[in-house]
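Data block for target_19.pdb (PDB, C-alpha atoms):
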```pdb
ATOM      1  CA  MET R 217      25.131  -5.586  -4.034
ATOM      2  CA  ARG R 218      21.751  -4.942  -5.583
ATOM      3  CA  ASP R 219      21.298  -8.658  -6.187
ATOM      4  CA  ASP R 220      22.330  -9.441  -2.642
ATOM      5  CA  ALA R 221      19.694  -7.047  -1.391
ATOM      6  CA  GLY R 222      17.139  -8.711  -3.654
ATOM      7  CA  ASP R 223      18.078 -12.130  -2.296
ATOM      8  CA  GLU R 224      17.886 -10.798   1.217
ATOM      9  CA  LEU R 225      14.413  -9.396   0.563
ATOM     10  CA  SER R 226      13.318 -12.720  -0.927
ATOM     11  CA  ARG R 227      14.591 -14.492   2.174
ATOM     12  CA  VAL R 228      12.673 -12.114   4.422
ATOM     13  CA  PHE R 229       9.516 -12.759   2.412
ATOM     14  CA  ALA R 230       9.995 -16.509   2.376
ATOM     15  CA  ALA R 231      10.623 -16.466   6.114
ATOM     16  CA  LEU R 232       7.490 -14.444   6.834
ATOM     17  CA  ALA R 233       5.299 -16.330   4.364
ATOM     18  CA  ASP R 234       4.836 -19.128   6.902
ATOM     19  CA  PRO R 235       2.069 -18.418   9.446
ATOM     20  CA  THR R 236       3.897 -20.199  12.290
ATOM     21  CA  ARG R 237       7.039 -18.150  11.729
ATOM     22  CA  ARG R 238       4.976 -14.990  11.481
ATOM     23  CA  ASP R 239       3.400 -15.917  14.799
ATOM     24  CA  MET R 240       6.815 -16.427  16.321
ATOM     25  CA  VAL R 241       7.942 -13.009  15.123
ATOM     26  CA  ALA R 242       4.822 -11.523  16.717
ATOM     27  CA  ARG R 243       5.625 -13.406  19.943
ATOM     28  CA  LEU R 244       9.227 -12.155  19.889
ATOM     29  CA  ALA R 245       8.019  -8.604  19.340
ATOM     30  CA  VAL R 246       6.700  -8.805  22.905
ATOM     31  CA  GLY R 247      10.005 -10.031  24.313
ATOM     32  CA  ASP R 248      12.868 -12.504  23.943
ATOM     33  CA  ALA R 249      11.937 -16.179  24.264
ATOM     34  CA  THR R 250      13.663 -19.542  24.255
ATOM     35  CA  VAL R 251      12.923 -22.213  21.669
ATOM     36  CA  ASN R 252      10.976 -24.154  24.310
ATOM     37  CA  GLU R 253       8.874 -21.109  25.144
ATOM     38  CA  LEU R 254       8.227 -20.496  21.442
ATOM     39  CA  ALA R 255       7.249 -24.141  20.923
ATOM     40  CA  ALA R 256       4.762 -24.205  23.822
ATOM     41  CA  PRO R 257       1.663 -22.839  22.007
ATOM     42  CA  TYR R 258       2.099 -25.140  19.002
ATOM     43  CA  ASP R 259       1.399 -28.776  18.434
ATOM     44  CA  VAL R 260       4.856 -29.263  16.982
ATOM     45  CA  SER R 261       8.169 -30.610  18.168
ATOM     46  CA  VAL R 262      10.943 -28.432  19.551
ATOM     47  CA  GLN R 263      12.981 -29.623  16.548
ATOM     48  CA  ALA R 264      10.393 -28.220  14.148
ATOM     49  CA  VAL R 265      10.416 -24.917  15.997
ATOM     50  CA  SER R 266      14.223 -24.888  15.855
ATOM     51  CA  LYS R 267      14.000 -25.236  12.074
ATOM     52  CA  HIS R 268      11.640 -22.265  11.901
ATOM     53  CA  ILE R 269      14.025 -20.247  14.058
ATOM     54  CA  LYS R 270      16.894 -21.158  11.764
ATOM     55  CA  VAL R 271      14.955 -19.822   8.758
ATOM     56  CA  LEU R 272      14.216 -16.598  10.643
ATOM     57  CA  GLU R 273      17.878 -16.303  11.634
ATOM     58  CA  GLU R 274      19.054 -16.800   8.052
ATOM     59  CA  ALA R 275      16.678 -14.081   6.912
ATOM     60  CA  GLY R 276      18.261 -11.742   9.440
ATOM     61  CA  LEU R 277      15.016 -11.377  11.359
ATOM     62  CA  VAL R 278      16.014 -13.131  14.559
ATOM     63  CA  SER R 279      19.243 -13.646  16.459
ATOM     64  CA  ARG R 280      20.196 -16.043  19.251
ATOM     65  CA  THR R 281      21.914 -14.433  22.173
ATOM     66  CA  ARG R 282      24.974 -15.960  23.769
ATOM     67  CA  ASP R 283      23.317 -16.693  27.101
ATOM     68  CA  ALA R 284      24.841 -20.190  27.204
ATOM     69  CA  GLN R 285      22.093 -22.080  29.021
ATOM     70  CA  ARG R 286      18.931 -20.551  27.574
ATOM     71  CA  ARG R 287      20.044 -19.077  24.253
ATOM     72  CA  PRO R 288      16.904 -16.959  23.954
ATOM     73  CA  CYS R 289      15.797 -15.748  20.518
ATOM     74  CA  ARG R 290      15.638 -12.024  19.939
ATOM     75  CA  LEU R 291      14.004 -10.040  17.169
ATOM     76  CA  GLU R 292      16.441  -7.918  15.179
ATOM     77  CA  PRO R 293      15.496  -4.253  15.609
ATOM     78  CA  GLY R 294      15.992  -3.790  11.852
ATOM     79  CA  VAL R 295      12.807  -5.804  11.233
ATOM     80  CA  PHE R 296      10.687  -2.922  12.395
ATOM     81  CA  ASP R 297      12.797  -0.516  10.334
ATOM     82  CA  LEU R 298      12.097  -2.611   7.275
ATOM     83  CA  MET R 299       8.332  -2.536   7.812
ATOM     84  CA  THR R 300       8.492   1.184   8.527
ATOM     85  CA  LYS R 301      10.418   1.756   5.283
ATOM     86  CA  TRP R 302       7.896  -0.262   3.290
ATOM     87  CA  ILE R 303       4.995   1.615   4.793
ATOM     88  CA  GLU R 304       6.713   4.953   4.257
ATOM     89  CA  ARG R 305       7.435   4.153   0.621
ATOM     90  CA  TYR R 306       3.832   3.082   0.068
ATOM     91  CA  ARG R 307       2.682   6.302   1.710
ATOM     92  CA  ARG R 308       4.966   8.423  -0.451
ATOM     93  CA  GLU R 309       3.662   6.739  -3.597
ATOM     94  CA  ALA R 310       0.114   7.547  -2.507
ATOM     95  CA  GLU R 311       1.149  11.125  -1.692
ATOM     96  CA  ASP R 312       2.766  11.464  -5.120
ATOM     97  CA  ARG R 313      -0.462  10.234  -6.725
ATOM     98  CA  TYR R 314      -2.634  12.592  -4.693
ATOM     99  CA  GLN R 315      -0.436  15.600  -5.513
ATOM    100  CA  ARG R 316      -1.185  14.882  -9.171
ATOM    101  CA  LEU R 317      -4.869  14.607  -8.223
ATOM    102  CA  ASP R 318      -4.555  18.050  -6.546
ATOM    103  CA  GLU R 319      -3.459  19.446  -9.916
ATOM    104  CA  VAL R 320      -6.344  17.733 -11.713
ATOM    105  CA  LEU R 321      -8.793  19.121  -9.138
ATOM    106  CA  ALA R 322      -7.336  22.635  -9.478
ATOM    107  CA  ARG R 323      -7.957  22.475 -13.231
ATOM    108  CA  MET R 324     -11.493  21.130 -12.624
ATOM    109  CA  ASP R 325     -12.031  24.010 -10.203
ATOM    110  CA  ASP R 326     -11.458  26.520 -12.998
ATOM    111  CA  ARG R 327     -13.900  24.719 -15.235
ATOM    112  CA  GLU R 328     -16.444  24.180 -12.445
ATOM    113  CA  SER R 329     -16.391  27.843 -11.348
ATOM    114  CA  ALA R 330     -16.960  28.917 -14.940
ATOM    115  CA  GLY R 331     -19.925  26.520 -15.097
ATOM    116  CA  THR R 332     -21.256  27.649 -11.719
ATOM    117  CA  ASP R 333     -21.053  31.315 -12.726
ATOM    118  CA  GLN R 334     -23.077  30.575 -15.839
ATOM    119  CA  GLN R 335     -25.642  28.649 -13.834
ATOM    120  CA  ALA R 336     -25.825  31.411 -11.218
ATOM    121  CA  GLY R 337     -26.277  33.946 -14.009
ATOM    122  CA  ALA R 338     -29.062  31.902 -15.580
ATOM    123  CA  ALA R 339     -30.794  31.369 -12.223
ATOM    124  CA  SER R 340     -30.828  35.010 -11.191
TER     125      SER R 340
ATOM    126  CA  MET B  27      -8.326  28.628  -8.690
ATOM    127  CA  SER B  28      -5.078  26.952  -7.884
ATOM    128  CA  SER B  29      -4.193  26.115  -4.353
ATOM    129  CA  THR B  30      -0.742  25.553  -2.961
ATOM    130  CA  THR B  31      -1.972  24.240   0.372
ATOM    131  CA  HIS B  32      -0.143  21.012   1.095
ATOM    132  CA  HIS B  33      -1.941  18.097   2.715
ATOM    133  CA  GLU B  34       0.195  15.155   3.720
ATOM    134  CA  THR B  35      -1.105  11.678   3.105
ATOM    135  CA  THR B  36      -1.282   9.622   6.273
ATOM    136  CA  ILE B  37      -1.175   5.850   6.334
ATOM    137  CA  GLU B  38      -2.175   3.243   8.835
ATOM    138  CA  ALA B  39      -1.265  -0.436   8.800
ATOM    139  CA  VAL B  40      -2.488  -2.388  11.809
ATOM    140  CA  ALA B  41       0.125  -5.011  12.727
ATOM    141  CA  ASP B  42      -2.215  -8.004  12.785
ATOM    142  CA  LEU B  43      -4.935  -7.009  10.315
ATOM    143  CA  PRO B  44      -4.551  -7.412   6.542
ATOM    144  CA  LEU B  45      -5.540  -3.847   5.747
ATOM    145  CA  ILE B  46      -3.954  -0.559   4.833
ATOM    146  CA  ARG B  47      -5.746   2.725   5.367
ATOM    147  CA  ILE B  48      -4.767   5.967   3.663
ATOM    148  CA  VAL B  49      -6.199   9.379   4.573
ATOM    149  CA  ARG B  50      -5.769  12.544   2.522
ATOM    150  CA  GLU B  51      -7.519  15.937   2.466
ATOM    151  CA  PHE B  52      -8.198  17.920  -0.683
ATOM    152  CA  ASP B  53      -8.925  21.603  -1.341
ATOM    153  CA  ALA B  54     -11.796  20.582  -3.569
ATOM    154  CA  PRO B  55     -15.399  19.573  -3.054
ATOM    155  CA  ARG B  56     -15.923  15.823  -2.749
ATOM    156  CA  GLU B  57     -18.074  15.883  -5.895
ATOM    157  CA  ASN B  58     -14.952  16.804  -7.888
ATOM    158  CA  VAL B  59     -12.781  14.237  -6.125
ATOM    159  CA  PHE B  60     -15.426  11.604  -6.876
ATOM    160  CA  ARG B  61     -15.540  12.634 -10.557
ATOM    161  CA  ALA B  62     -11.741  12.539 -10.767
ATOM    162  CA  HIS B  63     -11.995   8.884  -9.663
ATOM    163  CA  ILE B  64     -14.541   7.766 -12.253
ATOM    164  CA  ASP B  65     -13.905   9.855 -15.390
ATOM    165  CA  PRO B  66     -11.199   7.947 -17.322
ATOM    166  CA  ASP B  67      -9.926  11.165 -18.932
ATOM    167  CA  LEU B  68      -9.253  12.517 -15.428
ATOM    168  CA  VAL B  69      -8.142   9.209 -13.866
ATOM    169  CA  THR B  70      -5.318   8.794 -16.389
ATOM    170  CA  GLN B  71      -3.924  12.193 -15.343
ATOM    171  CA  TRP B  72      -3.132  11.110 -11.800
ATOM    172  CA  LEU B  73      -3.609   7.423 -10.997
ATOM    173  CA  GLY B  74      -0.579   5.970 -12.770
ATOM    174  CA  PRO B  75       2.910   6.240 -11.309
ATOM    175  CA  ARG B  76       4.794   9.303 -12.547
ATOM    176  CA  GLY B  77       6.554   8.729 -15.847
ATOM    177  CA  LEU B  78       4.414   5.720 -16.749
ATOM    178  CA  GLU B  79       1.800   5.880 -19.447
ATOM    179  CA  MET B  80      -1.659   4.728 -18.353
ATOM    180  CA  LYS B  81      -3.752   3.097 -21.065
ATOM    181  CA  VAL B  82      -7.410   2.492 -20.248
ATOM    182  CA  ASP B  83      -9.059  -0.568 -21.738
ATOM    183  CA  HIS B  84     -12.390   0.302 -20.140
ATOM    184  CA  TYR B  85     -13.388   2.270 -17.060
ATOM    185  CA  ASP B  86     -17.078   2.144 -16.217
ATOM    186  CA  GLY B  87     -17.273   3.850 -12.811
ATOM    187  CA  VAL B  88     -20.837   2.944 -11.863
ATOM    188  CA  THR B  89     -22.273   0.428  -9.391
ATOM    189  CA  GLY B  90     -21.831  -2.980 -11.032
ATOM    190  CA  GLY B  91     -19.340  -1.581 -13.556
ATOM    191  CA  SER B  92     -15.745  -2.642 -14.087
ATOM    192  CA  TYR B  93     -12.363  -1.377 -15.200
ATOM    193  CA  ARG B  94      -9.152  -2.555 -16.778
ATOM    194  CA  TYR B  95      -6.059  -0.527 -17.481
ATOM    195  CA  THR B  96      -2.365  -0.903 -18.244
ATOM    196  CA  HIS B  97       0.645   0.976 -16.936
ATOM    197  CA  VAL B  98       3.347   1.085 -19.588
ATOM    198  CA  GLU B  99       6.955   1.633 -18.541
ATOM    199  CA  PRO B 100       9.298   3.624 -20.825
ATOM    200  CA  ASP B 101      10.909   0.341 -21.953
ATOM    201  CA  GLY B 102       7.506  -1.011 -22.981
ATOM    202  CA  THR B 103       6.970  -3.323 -19.980
ATOM    203  CA  GLU B 104       3.260  -3.511 -19.257
ATOM    204  CA  HIS B 105       1.459  -3.957 -15.920
ATOM    205  CA  LYS B 106      -2.241  -4.706 -16.178
ATOM    206  CA  PHE B 107      -4.829  -4.144 -13.472
ATOM    207  CA  TYR B 108      -8.542  -4.839 -13.334
ATOM    208  CA  GLY B 109     -11.456  -4.888 -10.952
ATOM    209  CA  SER B 110     -15.159  -4.326 -10.382
ATOM    210  CA  PHE B 111     -16.979  -1.292  -9.102
ATOM    211  CA  HIS B 112     -19.113  -2.787  -6.358
ATOM    212  CA  GLU B 113     -20.816   0.377  -5.194
ATOM    213  CA  MET B 114     -20.365   3.918  -6.468
ATOM    214  CA  ARG B 115     -22.538   6.200  -4.341
ATOM    215  CA  PHE B 116     -22.016   9.775  -5.527
ATOM    216  CA  PRO B 117     -20.431  11.740  -3.934
ATOM    217  CA  GLU B 118     -19.586   9.867  -0.739
ATOM    218  CA  ARG B 119     -18.615   6.229  -1.196
ATOM    219  CA  MET B 120     -16.677   4.154  -3.725
ATOM    220  CA  VAL B 121     -16.221   0.407  -3.226
ATOM    221  CA  GLN B 122     -14.199  -1.545  -5.739
ATOM    222  CA  THR B 123     -11.974  -4.577  -6.156
ATOM    223  CA  PHE B 124      -8.388  -4.351  -7.391
ATOM    224  CA  THR B 125      -6.258  -7.082  -8.913
ATOM    225  CA  TRP B 126      -2.827  -6.984 -10.540
ATOM    226  CA  GLU B 127      -2.840  -9.476 -13.415
ATOM    227  CA  GLY B 128       0.673 -10.555 -12.440
ATOM    228  CA  TYR B 129      -0.846 -12.062  -9.294
ATOM    229  CA  PRO B 130      -4.401 -13.019 -10.258
ATOM    230  CA  ASP B 131      -5.041 -14.895  -6.986
ATOM    231  CA  GLY B 132      -4.712 -11.637  -5.099
ATOM    232  CA  VAL B 133      -7.569  -9.212  -4.755
ATOM    233  CA  SER B 134      -7.918  -6.107  -2.666
ATOM    234  CA  LEU B 135     -11.277  -4.703  -1.619
ATOM    235  CA  ASP B 136     -10.902  -0.927  -1.622
ATOM    236  CA  THR B 137     -13.474   1.193   0.198
ATOM    237  CA  ALA B 138     -13.202   4.941  -0.281
ATOM    238  CA  GLN B 139     -15.129   7.320   1.931
ATOM    239  CA  LEU B 140     -15.407  11.024   1.040
ATOM    240  CA  ASP B 141     -16.255  13.366   3.925
ATOM    241  CA  ASP B 142     -17.316  16.948   3.301
ATOM    242  CA  LEU B 143     -15.179  19.312   5.417
ATOM    243  CA  GLY B 144     -16.993  22.481   4.396
ATOM    244  CA  ASP B 145     -15.387  25.469   2.614
ATOM    245  CA  GLY B 146     -15.102  23.400  -0.544
ATOM    246  CA  ARG B 147     -12.770  20.876   1.090
ATOM    247  CA  CYS B 148     -13.046  17.165   1.732
ATOM    248  CA  ARG B 149     -11.297  14.178   3.252
ATOM    249  CA  LEU B 150     -10.685  10.927   1.399
ATOM    250  CA  THR B 151     -10.218   7.729   3.432
ATOM    251  CA  VAL B 152      -9.279   4.634   1.442
ATOM    252  CA  THR B 153      -9.219   1.274   3.222
ATOM    253  CA  SER B 154      -7.670  -1.610   1.279
ATOM    254  CA  LEU B 155      -8.504  -5.039   2.640
ATOM    255  CA  VAL B 156      -6.741  -8.186   1.438
ATOM    256  CA  ASP B 157      -7.148 -11.810   2.504
ATOM    257  CA  SER B 158      -3.859 -12.379   4.316
ATOM    258  CA  LEU B 159      -1.062 -10.548   6.094
ATOM    259  CA  GLU B 160       1.313 -11.925   3.438
ATOM    260  CA  ALA B 161      -0.759 -10.241   0.724
ATOM    261  CA  ARG B 162      -0.743  -7.004   2.683
ATOM    262  CA  ASP B 163       3.032  -7.080   2.999
ATOM    263  CA  MET B 164       3.350  -7.880  -0.700
ATOM    264  CA  MET B 165       1.198  -4.843  -1.392
ATOM    265  CA  LEU B 166       3.228  -2.651   0.941
ATOM    266  CA  SER B 167       6.626  -3.810  -0.181
ATOM    267  CA  SER B 168       6.217  -4.366  -3.888
ATOM    268  CA  GLY B 169       5.205  -0.844  -4.861
ATOM    269  CA  MET B 170       3.582  -2.675  -7.809
ATOM    270  CA  ASP B 171       5.720  -1.309 -10.616
ATOM    271  CA  VAL B 172       7.764   1.614  -9.381
ATOM    272  CA  GLY B 173      10.169   2.228  -6.606
ATOM    273  CA  ILE B 174      11.517  -1.311  -6.543
ATOM    274  CA  ASN B 175      15.059  -0.224  -7.362
ATOM    275  CA  GLU B 176      14.755   2.777  -5.144
ATOM    276  CA  GLY B 177      13.464   0.473  -2.420
ATOM    277  CA  TYR B 178      16.389  -1.881  -2.917
ATOM    278  CA  GLU B 179      18.809   1.005  -2.557
ATOM    279  CA  ARG B 180      17.279   1.822   0.794
ATOM    280  CA  LEU B 181      17.173  -1.857   1.665
ATOM    281  CA  ASP B 182      20.922  -1.972   0.904
ATOM    282  CA  GLU B 183      21.464   0.725   3.483
ATOM    283  CA  LEU B 184      19.193  -0.985   5.946
ATOM    284  CA  LEU B 185      20.890  -4.342   5.567
ATOM    285  CA  ALA B 186      24.281  -2.699   5.806
ATOM    286  CA  ARG B 187      23.218  -1.310   9.186
ATOM    287  CA  GLN B 188      21.914  -4.715  10.257
ATOM    288  CA  ALA B 189      25.157  -6.496   9.370
TER     289      ALA B 189
END
```

Show how you would write the structure in this file as structure tokens.
Amino acid sequence: MRDDAGDELSRVFAALADPTRRDMVARLAVGDATVNELAAPYDVSVQAVSKHIKVLEEAGLVSRTRDAQRRPCRLEPGVFDLMTKWIERYRREAEDRYQRLDEVLARMDDRESAGTDQQAGAAS
Amino acid sequence: MSSTTHHETTIEAVADLPLIRIVREFDAPRENVFRAHIDPDLVTQWLGPRGLEMKVDHYDGVTGGSYRYTHVEPDGTEHKFYGSFHEMRFPERMVQTFTWEGYPDGVSLDTAQLDDLGDGRCRLTVTSLVDSLEARDMMLSSGMDVGINEGYERLDELLARQA
């Protein structure tokens, strides 16, 4: 299961490593779009765009709805969850670090106040 | 004087910019926070992930200086990091580069601003800028050397929900 998750993560990364695919994900974040609509801004064939979509689908980032004629692409809501989780984990690591810094600063405080008292005593 | 006041770290990642910004307040004057960032004896007490030993090769926290250190996991696995101190303006601004030796093509430019909040308190704002959105996501998702397994566990749950 762990390995599957690792593979899945690798697929997500590989899928998003390509700037065109990243662009498409950004486009789909605004709303669903057909392959033709996704291909419009690029100087590439619809076939090439279809390949990109396939990669995004296999990574679980995008799904094709069953609307028979248009088959628009839709961003999986989990994509945003994933980013949110990453950001939250990064934040928690920083918070963990800064709580240790709090402790260091509290110890410095003791030392600093002792030093300040001495200085104040000498100055007065 | 020990303080139990709890300040939550906040984070900001703009969707289409390769930067991450972290903001945190401290119940300490910014002079002390600055010192805790440049004195290697203090840095080793907080910078490394919990449970990992931090070994400093050198840590010369002055403008034009540089640093290199290693995080050692309990099983002996080492993660090395290095960078340059571009500008260290006591007690308000610290600009440095950051590279993980496992990915030497990647470099983050970290700018730390320390704002005096009065009453012996301050606010630290660290902005990490990398050269691509891919690098930013690597930075966000990798957790460098901890939390990978923990992250995978949560990813398991996430993917289970997606399926």

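Nearest to chain R of all the residues B:Pro66, B:Gly74, B:Gly144, B:Pro44 is B:Gly74, based on all atoms listed in the file.
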
Requested in this report: Could you tell me which residues the PyMOL selection byres ((chain R and resi 291) around 6) grabs in this file, written as a PyMOL selection string?
Outcome: chain R and resi 244+278+290+292

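Minimum distance to R:Val320 across B:Pro55, B:Trp72, B:His63, B:Glu38 (counting all atoms listed in the file) occurs at B:Trp72.
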
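Relative to atom CA of R:Pro288, atom CA of R:Glu253 is found at 9.1 Å.
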
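Closest to chain B among R:Thr250, R:Gln315, R:Thr281, R:Ser261 is R:Gln315, based on only C-alpha atoms.
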
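When all atoms listed in the file are used to measure the gap to chain B, the shortest distance among R:Val246, R:Pro293, R:Lys267, R:Val262 belongs to R:Pro293.
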
Report task. Please provide the set of residues having any atom within 10 Å of stretch 153-159 of chain B, restricted to all atoms listed in the file, with same-chain residues fewer than 4 positions apart removed, written as a ChimeraX atom specification. Result -> /R:232-233,235,238 /B:37-39,41-49,121-124,132-139,163-165

**Report entry** Residues matched by the PyMOL selection byres ((chain B and resi 145) around 9), written as a PyMOL selection string
**Finding:** chain B and resi 53-55+142-144+146-148

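Remark: for chain B, the closest of the candidate residues R:Asp259, R:Asp312, R:Glu273, R:Asp248 is R:Asp312 (distances computed over only C-alpha atoms).
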
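Every protein or nucleic acid residue with an atom no more than 12 Å from B:Phe116, counting only C-alpha atoms and leaving out same-chain residues fewer than 5 positions away, appears here: B:Arg56, B:Glu57, B:Asn58, B:Val59, B:Phe60, B:Arg61, B:Ala62, B:His63, B:Ile64, B:Gly87, B:Val88, B:Thr89, B:Val121, B:Ala138, B:Gln139, B:Leu140, B:Asp141.
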
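For the file shown, the residue list from the PyMOL selection byres ((chain R and resi 234) around 12) reads Arg227, Val228, Phe229, Ala230, Ala231, Leu232, Ala233, Pro235, Thr236, Arg237, Arg238, Asp239, Met240, Val241, His268, Ile269, Val271 and Leu272 of chain R; Ser158, Leu159 and Glu160 of chain B.
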
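Each of R:Thr300, R:Gly294, R:Val265, R:Glu274 was compared to chain B using all atoms listed in the file, and R:Gly294 turns out to be the nearest.
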
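Distance-wise, atom CA of B:Phe52 and atom CA of R:Glu319 end up 10.5 Å apart.
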
Query raised in the report: For the atom pair atom CA of B:Leu150 and atom CA of B:Glu34, what is the interatomic distance in Å to one decimal place?
Result: 11.9 Å

Query raised in the report: stretch 92-94 of chain B: which residues within 6 Å, counting only C-alpha atoms, same-chain residues fewer than 2 positions away excluded, as a VMD selection string?
Result: chain B and resid 83 to 86 107 to 111
